[in-house]
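Enquirer: Please find one structure pasted underneath; my questions will follow.
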Amino acid sequence: MQQFNVHKIGPEIKIAGVDLSFTNSSLFMVISASVILLFLFLGTREKKIVPDKIQLIAEMFYTFVAKMISDTAGSKAKPYFPFIFSLFMFVLFCNMVGMLPYSFTVTSHIIVTLIMALFIFIAVTIIGFVKHGFKYLNIFVPSGVPVVLLPLITVIEIISYLSRPVSLSVRLFANMMAGHTMLKVFGGFVISLGLLGGWLPLGFSVALTGLEILVAFLQAYVFAILTCIYLNDALNLHH
Amino acid sequence: MTIPEDFKTRLKIAKKKLKKQINSDDVKKGSFMGGAFKIGTELVAAVAVGTIIGFILDSWFDTKPWLIIIFFFLGTAAGILNVIRTANRMQKEE
């Protein structure tokens, strides 16, 4: 579909055989990041006691993420607040910017979400090894398992651990792509059924747009909260 | 920063109103749907990862098709483990 096509903007840039050209995907990442910067800049410009609307929203985002981290990963995860906050805001704004007509949804491409998930996965693994050394390998060996079953359980645990980046990235990508495809399909029905029968799918389209905005928020939330949960596993070893 | 007197009273009234709201509303409704989305992929991802590991090991050791079968089932077990863990976590949150 046309809305998922990636095309180059400007000249082709190749460094050491790798295509690094600026695409519409990169453009919309830049747009999302700029919107976040602008929004947070406006929200924190005047620090009033009685906040105006934009400051209130910025503060709500802050407390929302701060509460999420302290609830799921405890106080040890406080140093990682900037990372999780930027991650949440970036995913959220990419999803939301993608909801605008004629825009491009960055998160509807698995390569983007997979890179983010792999970064989190590798970072969490490194944090785990740095904090606990080789004891971190204990998360693959649950306590209270008979010795006979141990090899089997360990293999299952390793597969379960390796499936984390896959489930994290596929969830975000599939939700965004399915939502946009569904909107497109219903939009197509409106055209093909014409003035007589087109009203029903049009109504559906309106409802689905609302649902998509909910999903956009929810997926950003799920992405961030799962990062917190993985971080919690790495920081507080208790298996 | 000095806080003016009328602001203090306004804050008091606002806090009272907020308390009433918190008792009655259901903030957590949205997170149920997030949980529903979460569990499905959790299962599928582990099965996929298990099968891919089996496929790679098969082409390494030239033992087609035994390892892919074994790892498919191990992946399924890992997926079920993931789902149980997610469900446990969700129950704890409530």
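In the structure tokens, chains take letters A, B, ... by order of appearance, with residues numbered from 1 within each chain and ligands from 1 in the order shown.
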Residues of chain B near chain A: apply a cut-off of 6 Å, count only C-alpha atoms, and supply the list as a ChimeraX atom specification.
Expert: /B:41-42,45-46,49,74,78
Enquirer: Run DSSP on the backbone of this structure and report the residues of region 10-214 of chain A it assigns to strand (DSSP E or B), as a compact mmCIF listing (two decimals) with C-alpha atoms, in the first residue's frame.
Expert:
```txt
# COMPACT_ATOMS: atom_id res chain seq x y z
CA LYS A 14 26.23 5.82 0.43
CA ILE A 15 28.86 5.25 3.09
CA VAL A 18 25.55 1.07 3.14
CA ASP A 19 22.61 3.09 1.87
CA THR A 23 13.86 8.80 3.42
```
Enquirer: So how far away is CA of Phe64 (chain A) from CA of Gly43 (chain A), in Å?
Expert: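 Distance reported for this atom pair: 15.3 Å.
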Enquirer: My list of candidates is A:Phe173, A:Phe90, A:Phe129, A:Phe22. Which is closest to Ser108 (chain A) when distances are computed with only C-alpha atoms?
Expert: A:Phe173
Enquirer: When you draw a straight line from CA of Leu231 (chain A) to CA of Ile115 (chain A), how long is it in Å?
Expert: 17.4 Å
Enquirer: For CA of Asn236 (chain A) and CA of Ile69 (chain A), determine how far apart the two atoms are, in Å to one decimal place.
Expert: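 About the pair CA of Asn236 (chain A) and CA of Ile69 (chain A): they are 13.5 Å apart.
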Enquirer: Show me, as an MDAnalysis selection string, the residues that have an atom within 10 Å of Lys64 (chain B) when counting only C-alpha atoms, minus same-chain residues fewer than 6 positions from it.
Expert: chainID B and resid 54:55 57:58
